[in-house]
$ cat structure03.csv   # CSV, C-alpha atoms
chain,number,residue,atom,x,y,z
V,173,MET,CA,2.2,20.0,8.0
V,174,THR,CA,2.4,20.5,11.7
V,175,ALA,CA,1.5,18.6,14.8
V,176,ALA,CA,-1.9,20.3,14.6
V,177,ASP,CA,-2.6,18.4,11.4
V,178,ALA,CA,-3.9,15.4,13.1
V,179,LEU,CA,-5.2,12.8,10.6
V,180,THR,CA,-8.2,12.2,12.8
V,181,PRO,CA,-9.7,13.0,16.2
V,182,ALA,CA,-8.3,11.1,19.2
V,183,ASP,CA,-11.4,9.7,20.6
V,184,ALA,CA,-11.6,6.2,19.1
V,185,PRO,CA,-10.3,2.9,20.4
V,186,PRO,CA,-6.9,1.5,19.4
V,187,PRO,CA,-6.6,0.0,16.0
V,188,HIS,CA,-6.6,-3.6,17.2
V,189,PRO,CA,-8.1,-3.6,20.7
V,190,ALA,CA,-9.1,-7.2,20.9
V,191,THR,CA,-5.9,-8.7,19.5
V,192,PRO,CA,-2.8,-6.9,20.6
V,193,THR,CA,0.0,-7.6,18.3
V,194,ARG,CA,3.0,-6.3,20.2
V,195,VAL,CA,5.8,-8.7,20.9
V,196,PRO,CA,7.7,-8.5,24.2
V,197,ALA,CA,9.5,-5.2,24.5
V,198,THR,CA,13.2,-5.0,23.8
V,199,PRO,CA,15.7,-2.5,25.2
V,200,ALA,CA,15.6,1.0,23.7
V,201,THR,CA,17.9,1.3,20.7
V,202,GLY,CA,18.9,4.9,21.2
V,203,GLY,CA,22.4,6.1,22.1
V,204,ALA,CA,23.5,8.1,25.0
V,205,SER,CA,20.9,10.7,24.4
V,206,GLY,CA,18.2,8.1,25.0
V,207,HIS,CA,16.6,8.4,21.6
V,208,GLY,CA,12.8,8.5,21.8
V,209,ALA,CA,12.8,8.5,25.6
V,210,GLY,CA,10.5,10.5,27.8
V,211,SER,CA,7.7,11.2,25.3
V,212,ALA,CA,5.3,9.4,23.0
V,213,ALA,CA,7.0,7.4,20.2
V,214,LEU,CA,7.0,8.4,16.6
V,215,SER,CA,7.5,6.2,13.5
V,216,VAL,CA,9.3,7.4,10.4
V,217,ALA,CA,7.0,6.5,7.5
V,218,ILE,CA,8.4,6.4,4.0
V,219,ASP,CA,6.4,5.7,0.9
V,220,ILE,CA,8.5,4.8,-2.2
V,221,GLY,CA,6.8,5.0,-5.6
V,222,GLY,CA,7.7,5.6,-9.3
V,223,THR,CA,6.9,9.3,-9.2
V,224,LYS,CA,7.5,10.4,-5.7
V,225,ILE,CA,9.2,9.5,-2.4
V,226,ALA,CA,7.2,10.8,0.6
V,227,GLY,CA,8.0,10.7,4.3
V,228,ALA,CA,6.4,11.7,7.5
V,229,LEU,CA,6.7,11.4,11.3
V,230,VAL,CA,3.6,9.8,12.6
V,231,ASP,CA,2.6,9.0,16.2
V,232,ARG,CA,0.5,6.1,17.6
V,233,ARG,CA,-2.6,8.3,17.4
V,234,GLY,CA,-2.2,8.9,13.7
V,235,THR,CA,-1.0,12.5,14.1
V,236,VAL,CA,1.5,13.7,11.5
V,237,HIS,CA,4.3,15.8,13.0
V,238,ALA,CA,6.4,16.5,9.9
V,239,THR,CA,6.4,15.6,6.2
V,240,ALA,CA,8.9,15.6,3.4
V,241,ARG,CA,8.7,14.7,-0.3
V,242,ARG,CA,11.0,14.4,-3.3
V,243,PRO,CA,10.4,13.4,-6.9
V,244,THR,CA,11.7,9.9,-7.7
V,245,PRO,CA,14.8,10.5,-9.9
V,246,PRO,CA,15.0,9.1,-13.4
V,247,SER,CA,15.4,5.4,-12.9
V,248,THR,CA,16.6,3.8,-16.1
V,249,GLY,CA,20.3,3.3,-16.9
V,250,ARG,CA,22.1,1.5,-19.7
V,251,GLY,CA,21.6,-2.2,-19.4
V,252,HIS,CA,18.1,-1.9,-17.8
V,253,GLY,CA,16.1,-1.6,-21.0
V,254,ALA,CA,13.1,0.6,-21.6
V,255,ALA,CA,11.1,1.6,-18.6
V,256,PRO,CA,7.5,0.3,-18.5
V,257,ALA,CA,4.6,2.6,-18.9
V,258,GLY,CA,4.2,4.9,-15.9
V,259,ALA,CA,7.8,4.6,-14.8
V,260,VAL,CA,10.1,7.5,-14.5
V,261,GLY,CA,12.0,8.1,-17.7
V,262,ALA,CA,15.3,9.6,-18.7
V,263,ALA,CA,18.4,7.5,-18.6
V,264,CYS,CA,21.2,8.0,-16.1
V,265,ALA,CA,24.8,7.3,-16.8
V,266,SER,CA,24.7,3.8,-15.5
V,267,PRO,CA,22.4,1.4,-13.6
V,268,GLU,CA,24.4,1.9,-10.5
V,269,ALA,CA,24.2,5.7,-10.7
V,270,ALA,CA,20.5,5.5,-11.3
V,271,ALA,CA,20.0,3.2,-8.3
V,272,GLU,CA,22.1,5.5,-6.0
V,273,ALA,CA,20.2,8.6,-7.2
V,274,VAL,CA,16.9,7.0,-6.1
V,275,MET,CA,18.4,6.1,-2.7
V,276,ALA,CA,19.8,9.7,-2.4
V,277,ALA,CA,16.2,10.9,-2.7
V,278,VAL,CA,15.2,8.6,0.1
V,279,THR,CA,18.1,9.9,2.2
V,280,GLU,CA,17.1,13.5,1.5
V,281,VAL,CA,13.6,12.8,2.8
V,282,ILE,CA,15.1,11.4,6.0
V,283,THR,CA,17.4,14.4,6.3
V,284,THR,CA,14.5,16.7,6.1
V,285,LEU,CA,12.5,14.8,8.7
V,286,ALA,CA,15.5,14.7,11.0
V,287,ARG,CA,15.4,18.5,11.2
V,288,SER,CA,12.1,18.3,13.0
V,289,PRO,CA,12.2,19.0,16.8
V,290,GLU,CA,10.2,15.8,17.2
V,291,TRP,CA,13.0,13.7,15.7
V,292,ALA,CA,14.3,12.6,19.1
V,293,ARG,CA,11.0,10.7,19.6
V,294,VAL,CA,11.6,8.3,16.7
V,295,THR,CA,11.7,4.7,17.7
V,296,ARG,CA,11.1,2.8,14.4
V,297,CYS,CA,10.6,3.2,10.7
V,298,GLY,CA,8.1,1.7,8.2
V,299,LEU,CA,9.0,1.5,4.5
V,300,ALA,CA,6.3,1.0,1.9
V,301,SER,CA,7.4,0.3,-1.6
V,302,ALA,CA,6.1,-0.7,-4.9
V,303,GLY,CA,7.0,-4.3,-5.5
V,304,PRO,CA,8.0,-7.0,-5.8
V,305,VAL,CA,9.4,-6.8,-2.3
V,306,ASP,CA,11.3,-9.4,-0.3
V,307,ALA,CA,10.7,-8.4,3.3
V,308,ALA,CA,12.7,-11.3,4.6
V,309,ARG,CA,15.8,-10.0,2.8
V,310,GLY,CA,14.9,-6.3,3.0
V,311,THR,CA,15.2,-5.9,-0.8
V,312,VAL,CA,12.9,-4.5,-3.5
V,313,SER,CA,12.7,-4.7,-7.3
V,314,PRO,CA,9.9,-2.3,-8.2
V,315,VAL,CA,8.5,-2.6,-11.6
V,316,ASN,CA,8.3,1.2,-11.9
V,317,ILE,CA,11.8,1.9,-10.5
V,318,THR,CA,13.9,-0.1,-13.0
V,319,ALA,CA,17.2,0.8,-11.4
V,320,TRP,CA,16.3,-1.1,-8.2
V,321,ARG,CA,16.7,-4.8,-8.7
V,322,ASP,CA,17.2,-6.7,-5.4
V,323,PHE,CA,18.1,-3.3,-4.0
V,324,PRO,CA,18.9,-3.6,-0.2
V,325,VAL,CA,16.6,-0.7,0.7
V,326,ARG,CA,16.0,-1.7,4.3
V,327,ALA,CA,19.7,-1.9,5.2
V,328,ARG,CA,20.4,1.3,3.4
V,329,THR,CA,17.6,3.1,5.2
V,330,GLU,CA,18.7,1.8,8.6
V,331,ALA,CA,22.2,3.2,7.8
V,332,ALA,CA,20.7,6.6,6.8
V,333,LEU,CA,18.6,6.8,10.0
V,334,ALA,CA,21.6,5.9,12.1
V,335,ARG,CA,23.7,8.6,10.5
V,336,HIS,CA,21.0,11.1,11.7
V,337,GLY,CA,21.1,9.8,15.3
V,338,ALA,CA,18.2,7.3,15.0
V,339,PRO,CA,19.6,3.7,15.0
V,340,VAL,CA,16.1,2.2,15.0
V,341,PRO,CA,14.6,-0.9,13.4
V,342,VAL,CA,13.0,-0.7,9.9
V,343,VAL,CA,10.2,-2.9,8.5
V,344,LEU,CA,9.7,-3.2,4.8
V,345,VAL,CA,6.2,-3.9,3.3
V,346,GLY,CA,4.8,-3.8,-0.2
V,347,ASP,CA,2.3,-1.2,-1.2
V,348,GLY,CA,-0.6,-3.6,-1.1
V,349,VAL,CA,0.3,-4.6,2.5
V,350,ALA,CA,0.7,-1.0,3.4
V,351,MET,CA,-2.7,-0.2,2.0
V,352,ALA,CA,-4.2,-3.0,4.1
V,353,ALA,CA,-2.5,-1.7,7.3
V,354,ALA,CA,-3.7,1.8,6.6
V,355,GLU,CA,-7.3,0.9,5.9
V,356,HIS,CA,-7.4,-1.3,8.9
V,357,TRP,CA,-6.0,1.3,11.2
V,358,LEU,CA,-7.8,4.4,10.0
V,359,GLY,CA,-9.9,3.6,7.0
V,360,ALA,CA,-12.7,1.4,5.5
V,361,ALA,CA,-11.5,-1.8,7.1
V,362,ARG,CA,-11.3,-0.3,10.6
V,363,GLY,CA,-13.1,-2.6,13.1
V,364,ARG,CA,-13.0,-5.6,10.7
V,365,ARG,CA,-11.3,-8.7,12.0
V,366,ASN,CA,-10.9,-10.3,8.6
V,367,ALA,CA,-10.5,-8.3,5.5
V,368,LEU,CA,-8.9,-8.3,2.1
V,369,CYS,CA,-7.6,-4.9,0.9
V,370,MET,CA,-6.9,-4.4,-2.8
V,371,VAL,CA,-5.1,-1.8,-4.9
V,372,VAL,CA,-6.5,-1.8,-8.4
V,373,SER,CA,-4.5,0.5,-10.6
V,374,THR,CA,-1.8,0.0,-13.2
V,375,GLY,CA,-1.4,-3.4,-11.5
V,376,VAL,CA,-3.5,-5.2,-8.9
V,377,GLY,CA,-2.1,-5.9,-5.4
V,378,GLY,CA,-3.4,-6.5,-2.0
V,379,GLY,CA,-2.9,-7.3,1.7
V,380,LEU,CA,-4.7,-9.3,4.3
V,381,ILE,CA,-6.1,-8.6,7.8
V,382,LEU,CA,-6.7,-11.9,9.6
V,383,ASP,CA,-8.0,-12.3,13.1
V,384,GLY,CA,-7.5,-8.5,13.6
V,385,ARG,CA,-3.9,-8.5,12.5
V,386,LEU,CA,-1.9,-7.5,9.5
V,387,CYS,CA,-0.6,-10.7,7.8
V,388,PRO,CA,2.2,-9.8,5.4
V,389,GLY,CA,3.6,-13.4,5.1
V,390,PRO,CA,7.3,-14.5,5.1
V,391,THR,CA,8.4,-12.3,2.2
V,392,GLY,CA,5.8,-9.6,2.6
V,393,ASN,CA,3.6,-10.6,-0.3
V,394,ALA,CA,0.7,-12.4,1.3
V,395,GLY,CA,-2.6,-11.2,-0.2
V,396,HIS,CA,-1.1,-10.4,-3.6
V,397,ILE,CA,-4.4,-11.1,-5.2
V,398,GLY,CA,-3.5,-9.7,-8.6
V,399,HIS,CA,-1.7,-12.9,-9.5
V,400,ILE,CA,-4.4,-15.3,-8.7
V,401,SER,CA,-5.6,-16.9,-11.9
V,402,VAL,CA,-9.4,-16.6,-12.3
V,403,GLU,CA,-9.6,-17.6,-16.0
V,404,VAL,CA,-7.7,-20.8,-16.8
V,405,ASP,CA,-7.3,-20.1,-20.5
V,406,GLY,CA,-7.3,-16.3,-20.0
V,407,PRO,CA,-4.8,-13.8,-21.5
V,408,PRO,CA,-1.1,-14.2,-20.6
V,409,CYS,CA,0.1,-12.2,-17.6
V,410,PRO,CA,3.5,-10.6,-17.4
V,411,CYS,CA,4.1,-12.7,-14.3
V,412,GLY,CA,4.2,-15.8,-16.6
V,413,SER,CA,0.8,-17.2,-15.7
V,414,ARG,CA,-2.5,-16.9,-17.5
V,415,GLY,CA,-5.8,-15.4,-16.6
V,416,CYS,CA,-4.6,-13.5,-13.6
V,417,VAL,CA,-6.8,-10.8,-12.0
V,418,GLU,CA,-4.2,-8.2,-13.1
V,419,ALA,CA,-4.4,-9.3,-16.7
V,420,LEU,CA,-8.2,-8.8,-16.6
V,421,ALA,CA,-9.0,-6.0,-14.2
V,422,SER,CA,-6.0,-3.6,-14.1
V,423,GLY,CA,-6.4,-0.2,-15.7
V,424,PRO,CA,-4.3,-1.1,-18.7
V,425,ALA,CA,-6.2,-4.4,-19.1
V,426,ILE,CA,-9.6,-2.6,-19.1
V,427,ALA,CA,-8.4,-0.1,-21.7
V,428,ARG,CA,-6.8,-2.8,-23.8
V,429,HIS,CA,-9.9,-5.0,-23.8
V,430,ALA,CA,-12.2,-2.0,-24.5
V,431,ALA,CA,-10.1,-1.0,-27.6
V,432,ALA,CA,-9.9,-4.6,-28.8
V,433,THR,CA,-13.7,-5.0,-28.7
V,434,GLY,CA,-14.6,-1.8,-30.5
V,435,TRP,CA,-14.5,1.1,-28.1
V,436,ARG,CA,-13.4,4.3,-29.7
V,437,PRO,CA,-12.5,7.3,-27.5
V,438,THR,CA,-13.8,10.7,-28.3
V,439,GLY,CA,-10.4,12.3,-27.7
V,440,ALA,CA,-6.8,11.3,-27.3
V,441,ASP,CA,-7.3,9.7,-23.9
V,442,ARG,CA,-7.4,5.9,-24.2
V,443,SER,CA,-6.9,5.1,-20.5
V,444,ALA,CA,-9.2,3.2,-18.2
V,445,ALA,CA,-10.4,6.5,-16.8
V,446,ALA,CA,-11.7,7.4,-20.3
V,447,VAL,CA,-13.3,4.0,-20.6
V,448,ALA,CA,-15.0,4.7,-17.3
V,449,ALA,CA,-16.3,8.0,-18.5
V,450,ALA,CA,-17.7,6.4,-21.6
V,451,ALA,CA,-19.3,3.7,-19.4
V,452,ARG,CA,-21.0,6.4,-17.3
V,453,ASP,CA,-22.4,7.8,-20.6
V,454,GLY,CA,-23.9,4.4,-21.4
V,455,ASP,CA,-21.4,3.1,-24.0
V,456,PRO,CA,-22.1,-0.6,-24.2
V,457,VAL,CA,-18.5,-1.6,-25.0
V,458,ALA,CA,-17.1,0.4,-22.1
V,459,LEU,CA,-19.7,-1.1,-19.8
V,460,ALA,CA,-18.8,-4.6,-21.0
V,461,ALA,CA,-15.1,-3.9,-20.3
V,462,PHE,CA,-15.8,-2.9,-16.7
V,463,ASP,CA,-18.2,-5.8,-16.3
V,464,ARG,CA,-15.4,-8.2,-17.3
V,465,ALA,CA,-13.1,-6.5,-14.8
V,466,GLY,CA,-15.7,-6.6,-12.0
V,467,ARG,CA,-16.3,-10.3,-12.7
V,468,ALA,CA,-12.6,-11.1,-12.4
V,469,LEU,CA,-12.3,-9.2,-9.1
V,470,ALA,CA,-15.5,-10.9,-7.8
V,471,ALA,CA,-14.1,-14.3,-8.6
V,472,ALA,CA,-10.9,-13.6,-6.8
V,473,ILE,CA,-12.6,-12.0,-3.8
V,474,ALA,CA,-15.0,-14.9,-3.5
V,475,GLY,CA,-12.2,-17.4,-3.7
V,476,THR,CA,-10.2,-15.6,-1.0
V,477,ALA,CA,-13.3,-15.4,1.2
V,478,THR,CA,-13.9,-19.1,0.8
V,479,LEU,CA,-10.3,-19.9,1.8
V,480,LEU,CA,-9.9,-17.4,4.6
V,481,GLU,CA,-13.4,-16.3,5.6
V,482,VAL,CA,-12.7,-12.6,5.1
V,483,GLU,CA,-15.8,-10.5,5.8
V,484,ALA,CA,-15.0,-7.5,3.5
V,485,ALA,CA,-13.0,-6.5,0.5
V,486,VAL,CA,-11.7,-2.9,0.6
V,487,ILE,CA,-10.8,-1.7,-2.9
V,488,GLY,CA,-8.7,1.3,-3.7
V,489,GLY,CA,-6.5,2.6,-6.5
V,490,GLY,CA,-7.1,4.5,-9.7
V,491,VAL,CA,-9.6,2.0,-11.2
V,492,ALA,CA,-11.7,2.0,-8.0
V,493,ALA,CA,-12.2,5.7,-8.6
V,494,ALA,CA,-14.6,4.7,-11.4
V,495,GLY,CA,-17.1,4.2,-8.6
V,496,ALA,CA,-20.4,2.5,-9.5
V,497,VAL,CA,-19.1,1.7,-13.0
V,498,LEU,CA,-16.8,-0.8,-11.3
V,499,PHE,CA,-18.6,-1.6,-8.0
V,500,ALA,CA,-22.0,-2.3,-9.5
V,501,PRO,CA,-20.9,-5.2,-11.7
V,502,LEU,CA,-18.4,-6.4,-9.1
V,503,ARG,CA,-21.1,-6.7,-6.4
V,504,ARG,CA,-23.5,-8.3,-8.9
V,505,HIS,CA,-20.9,-11.0,-9.8
V,506,LEU,CA,-19.9,-11.4,-6.2
V,507,ALA,CA,-23.4,-12.4,-5.3
V,508,THR,CA,-23.0,-15.3,-7.8
V,509,TYR,CA,-19.5,-16.4,-6.9
V,510,ALA,CA,-19.8,-16.1,-3.1
V,511,ALA,CA,-22.5,-18.7,-3.0
V,512,LEU,CA,-21.6,-20.7,0.2
V,513,SER,CA,-23.4,-19.6,3.3
V,514,PHE,CA,-20.3,-18.6,5.2
V,515,VAL,CA,-19.2,-16.1,2.5
V,516,ARG,CA,-22.5,-15.0,1.2
V,517,GLY,CA,-22.4,-11.8,3.2
V,518,ILE,CA,-19.0,-10.5,2.1
V,519,GLU,CA,-19.0,-6.8,1.4
V,520,ALA,CA,-17.1,-4.9,-1.3
V,521,VAL,CA,-16.4,-1.3,-0.2
V,522,PRO,CA,-14.3,1.5,-1.5
V,523,ALA,CA,-11.1,2.4,0.3
V,524,SER,CA,-11.2,5.7,2.1
V,525,LEU,CA,-7.6,6.9,2.5
V,526,GLY,CA,-6.6,7.7,-1.1
V,527,THR,CA,-3.1,9.0,-1.6
V,528,ASP,CA,-2.5,8.9,2.2
V,529,ALA,CA,-2.6,5.1,2.3
V,530,GLY,CA,1.1,4.6,1.6
V,531,LEU,CA,2.4,6.8,4.4
V,532,VAL,CA,-0.3,5.9,6.9
V,533,GLY,CA,0.3,2.2,6.1
V,534,ALA,CA,4.0,2.4,6.5
V,535,ALA,CA,3.5,3.9,10.0
V,536,ALA,CA,0.8,1.4,10.9
V,537,ALA,CA,3.0,-1.5,9.8
V,538,ALA,CA,5.9,-0.2,11.8
V,539,PHE,CA,3.8,0.1,15.0
V,540,GLU,CA,2.2,-3.3,14.5
V,541,LEU,CA,5.1,-5.4,13.2
V,542,LEU,CA,8.1,-4.0,15.1
V,543,PRO,CA,8.9,-4.7,18.8
V,544,ASP,CA,8.4,-1.8,21.2
V,545,PRO,CA,11.7,-0.5,22.4
V,546,ASP,CA,9.9,0.8,25.5
V,547,PRO,CA,6.2,0.0,26.0
V,548,THR,CA,5.6,3.3,27.8
V,549,LEU,CA,6.6,5.2,24.7
V,550,ASP,CA,3.6,3.9,22.8
V,551,ALA,CA,1.1,4.8,25.5
V,552,ALA,CA,0.2,7.9,23.5
V,553,GLY,CA,-3.5,7.4,23.5
V,554,PRO,CA,-6.1,5.8,21.2
V,555,ALA,CA,-6.1,5.6,17.5
V,556,PRO,CA,-8.3,7.9,15.4
V,557,THR,CA,-11.3,7.6,13.2
V,558,PRO,CA,-11.0,8.0,9.4
V,559,PRO,CA,-8.7,10.9,8.4
V,560,ARG,CA,-9.4,14.5,7.9
V,561,ARG,CA,-7.2,17.4,7.0
V,562,THR,CA,-7.3,20.8,8.8

$ encode --input "structure03.csv" --output "structure tokens"
Amino acid sequence: MTAADALTPADAPPPHPATPTRVPATPATGGASGHGAGSAALSVAIDIGGTKIAGALVDRRGTVHATARRPTPPSTGRGHGAAPAGAVGAACASPEAAAEAVMAAVTEVITTLARSPEWARVTRCGLASAGPVDAARGTVSPVNITAWRDFPVRARTEAALARHGAPVPVVLVGDGVAMAAAEHWLGAARGRRNALCMVVSTGVGGGLILDGRLCPGPTGNAGHIGHISVEVDGPPCPCGSRGCVEALASGPAIARHAAATGWRPTGADRSAAAVAAAARDGDPVALAAFDRAGRALAAAIAGTATLLEVEAAVIGGGVAAAGAVLFAPLRRHLATYAALSFVRGIEAVPASLGTDAGLVGAAAAAFELLPDPDPTLDAAGPAPTPPRRT
């Protein structure tokens, strides 16, 4: 991808025009070369997941200037136990070797981006990772990267950037918070002052936009709606609680409930996507499984709206790809649960950025949450409208 591959046109207002979130500028962090000086600032954006590690250089207008990608190395080592479903698989020689292999892939992404002629404009870095994350400590323990437990990814990334001549600050956010940052900047939550953004997939996560600002919370986990309990005596959740949204509305939960209540797939695929296909064909058991998931999501969204007065819930992830099969029962139940006058108008809308959300969100979080080393560097023009590819 080149600089011509702008994510969007450059004719829209900045992402948060009414509520600027920049803190007072600090001196530039570059060395003798004046790293980032003299031109519009770029953020390094890195999205760390169980199957891939992606990186990009992104400017304040949302234009992507370079990209890099590496597969996430096998993440299980002796002493880590079996990897969960969806995690990368084969065992490495040791947990330590497995952890270092994953970090080496992150470093390779940085090395590739550092070859870009635009590298001198980098002033910050945003890291988006599967969680749990601890943004305060800069550590991650992703469920789908079993080798990383309390791994100091922020400090290691800062060191890798510095070795490539970019001693810049790094912000760490969870993938749900990154999705919220992305959708608010360029996607379905753009222009909303208060929104809940959700990822409904193998798990259920989320992030919050309040008063026009991204609100990650002290550890970066604010908005983690998947572990709100909506059914007091509901099924046990891996987090240790019961009746969590994730235990009722995640892809595996939908598939598990459908199978337990009599759904029989026509082929070998027993995933939530197969349940959705059956629901579209009118299978009553499949429809009931998605109704149950939609009800759980509606209860959590209504509760969040009652507490925080969010005006919209933006829902992405693999389960949201089911479309009307999910959104129709969700909206129907939301009309029941969101009964008070000040939450009655809450909208549930699909996310618009898809697989771009992690990288876009990492860049958005870096621009919003990190101090400007030089305010003039970010005067690169307005933010764009929802993304397109050329």

$ residues_near_point --input "structure03.csv" --point "(-15.4, -5.0, -12.4)" --cutoff "6 Å" --atoms "only C-alpha atoms" --output "PyMOL selection string"
chain V and resi 462-467+498+501-502

$ atom_distance --input "structure03.csv" --atom1 "atom CA of V:Cys297" --atom2 "atom CA of V:Glu272"
20.4 Å

$ atom_distance --input "structure03.csv" --atom1 "atom CA of V:Val482" --atom2 "atom CA of V:Val305"
24.0 Å

$ residues_near_point --input "structure03.csv" --point "(18.8, 13.6, 9.2)" --cutoff "10 Å" --atoms "all atoms listed in the file" --output "CSV table (one decimal) with C-alpha atoms, in the coordinates of the input"
chain,number,residue,atom,x,y,z
V,279,THR,CA,18.1,9.9,2.2
V,280,GLU,CA,17.1,13.5,1.5
V,281,VAL,CA,13.6,12.8,2.8
V,282,ILE,CA,15.1,11.4,6.0
V,283,THR,CA,17.4,14.4,6.3
V,284,THR,CA,14.5,16.7,6.1
V,285,LEU,CA,12.5,14.8,8.7
V,286,ALA,CA,15.5,14.7,11.0
V,287,ARG,CA,15.4,18.5,11.2
V,288,SER,CA,12.1,18.3,13.0
V,291,TRP,CA,13.0,13.7,15.7
V,332,ALA,CA,20.7,6.6,6.8
V,333,LEU,CA,18.6,6.8,10.0
V,334,ALA,CA,21.6,5.9,12.1
V,335,ARG,CA,23.7,8.6,10.5
V,336,HIS,CA,21.0,11.1,11.7
V,337,GLY,CA,21.1,9.8,15.3
V,338,ALA,CA,18.2,7.3,15.0

$ residues_around --input "structure03.csv" --residues "V:Ala472" --least-positions-apart "5" --cutoff "9 Å" --atoms "all atoms listed in the file" --output "short mmCIF file (atom, residue, chain, number, x, y, z; two decimals) with C-alpha atoms, keeping the file's coordinate frame"
data_model
loop_
_atom_site.label_atom_id
_atom_site.label_comp_id
_atom_site.auth_asym_id
_atom_site.auth_seq_id
_atom_site.Cartn_x
_atom_site.Cartn_y
_atom_site.Cartn_z
CA ILE V 397 -4.40 -11.10 -5.20
CA GLY V 398 -3.50 -9.70 -8.60
CA ILE V 400 -4.40 -15.30 -8.70
CA SER V 401 -5.60 -16.90 -11.90
CA VAL V 402 -9.40 -16.60 -12.30
CA VAL V 417 -6.80 -10.80 -12.00
CA ARG V 467 -16.30 -10.30 -12.70
CA ALA V 477 -13.30 -15.40 1.20
#

$ atom_distance --input "structure03.csv" --atom1 "atom CA of V:Ala461" --atom2 "atom CA of V:Ala485"
21.1 Å

$ build_atoms --input "structure03.csv" --residues "stretch 470-483 of chain V" --atoms "N, CA, C and O atoms" --output "PDB file, in the coordinates of the input"
ATOM      1  N   ALA V 470     -14.512 -10.135  -8.617  1.00  0.00           N
ATOM      2  CA  ALA V 470     -15.500 -10.900  -7.800  1.00  0.00           C
ATOM      3  C   ALA V 470     -15.048 -12.314  -7.610  1.00  0.00           C
ATOM      4  O   ALA V 470     -15.142 -12.877  -6.506  1.00  0.00           O
ATOM      5  N   ALA V 471     -14.558 -12.941  -8.677  1.00  0.00           N
ATOM      6  CA  ALA V 471     -14.100 -14.300  -8.600  1.00  0.00           C
ATOM      7  C   ALA V 471     -12.958 -14.469  -7.599  1.00  0.00           C
ATOM      8  O   ALA V 471     -12.909 -15.393  -6.777  1.00  0.00           O
ATOM      9  N   ALA V 472     -12.011 -13.533  -7.668  1.00  0.00           N
ATOM     10  CA  ALA V 472     -10.900 -13.600  -6.800  1.00  0.00           C
ATOM     11  C   ALA V 472     -11.250 -13.298  -5.329  1.00  0.00           C
ATOM     12  O   ALA V 472     -10.762 -13.949  -4.393  1.00  0.00           O
ATOM     13  N   ILE V 473     -12.125 -12.329  -5.134  1.00  0.00           N
ATOM     14  CA  ILE V 473     -12.600 -12.000  -3.800  1.00  0.00           C
ATOM     15  C   ILE V 473     -13.340 -13.185  -3.179  1.00  0.00           C
ATOM     16  O   ILE V 473     -13.125 -13.552  -2.010  1.00  0.00           O
ATOM     17  N   ALA V 474     -14.224 -13.781  -3.959  1.00  0.00           N
ATOM     18  CA  ALA V 474     -15.000 -14.900  -3.500  1.00  0.00           C
ATOM     19  C   ALA V 474     -14.087 -16.096  -3.127  1.00  0.00           C
ATOM     20  O   ALA V 474     -14.273 -16.779  -2.106  1.00  0.00           O
ATOM     21  N   GLY V 475     -13.087 -16.346  -3.957  1.00  0.00           N
ATOM     22  CA  GLY V 475     -12.200 -17.400  -3.700  1.00  0.00           C
ATOM     23  C   GLY V 475     -11.366 -17.169  -2.395  1.00  0.00           C
ATOM     24  O   GLY V 475     -11.160 -18.085  -1.583  1.00  0.00           O
ATOM     25  N   THR V 476     -10.919 -15.930  -2.229  1.00  0.00           N
ATOM     26  CA  THR V 476     -10.200 -15.600  -1.000  1.00  0.00           C
ATOM     27  C   THR V 476     -11.093 -15.723   0.210  1.00  0.00           C
ATOM     28  O   THR V 476     -10.667 -16.240   1.256  1.00  0.00           O
ATOM     29  N   ALA V 477     -12.326 -15.274   0.091  1.00  0.00           N
ATOM     30  CA  ALA V 477     -13.300 -15.400   1.200  1.00  0.00           C
ATOM     31  C   ALA V 477     -13.558 -16.829   1.556  1.00  0.00           C
ATOM     32  O   ALA V 477     -13.666 -17.204   2.731  1.00  0.00           O
ATOM     33  N   THR V 478     -13.668 -17.671   0.556  1.00  0.00           N
ATOM     34  CA  THR V 478     -13.900 -19.100   0.800  1.00  0.00           C
ATOM     35  C   THR V 478     -12.738 -19.731   1.522  1.00  0.00           C
ATOM     36  O   THR V 478     -12.919 -20.581   2.406  1.00  0.00           O
ATOM     37  N   LEU V 479     -11.545 -19.325   1.172  1.00  0.00           N
ATOM     38  CA  LEU V 479     -10.300 -19.900   1.800  1.00  0.00           C
ATOM     39  C   LEU V 479     -10.092 -19.355   3.183  1.00  0.00           C
ATOM     40  O   LEU V 479      -9.741 -20.101   4.099  1.00  0.00           O
ATOM     41  N   LEU V 480     -10.316 -18.057   3.385  1.00  0.00           N
ATOM     42  CA  LEU V 480      -9.900 -17.400   4.600  1.00  0.00           C
ATOM     43  C   LEU V 480     -11.032 -16.786   5.434  1.00  0.00           C
ATOM     44  O   LEU V 480     -10.784 -16.256   6.516  1.00  0.00           O
ATOM     45  N   GLU V 481     -12.244 -16.829   4.915  1.00  0.00           N
ATOM     46  CA  GLU V 481     -13.400 -16.300   5.600  1.00  0.00           C
ATOM     47  C   GLU V 481     -13.245 -14.776   5.901  1.00  0.00           C
ATOM     48  O   GLU V 481     -13.575 -14.312   6.990  1.00  0.00           O
ATOM     49  N   VAL V 482     -12.740 -14.022   4.939  1.00  0.00           N
ATOM     50  CA  VAL V 482     -12.700 -12.600   5.100  1.00  0.00           C
ATOM     51  C   VAL V 482     -14.153 -12.054   4.988  1.00  0.00           C
ATOM     52  O   VAL V 482     -14.969 -12.614   4.255  1.00  0.00           O
ATOM     53  N   GLU V 483     -14.435 -11.012   5.728  1.00  0.00           N
ATOM     54  CA  GLU V 483     -15.800 -10.500   5.800  1.00  0.00           C
ATOM     55  C   GLU V 483     -15.990  -9.276   4.848  1.00  0.00           C
ATOM     56  O   GLU V 483     -17.121  -8.861   4.581  1.00  0.00           O
TER      57      GLU V 483
END
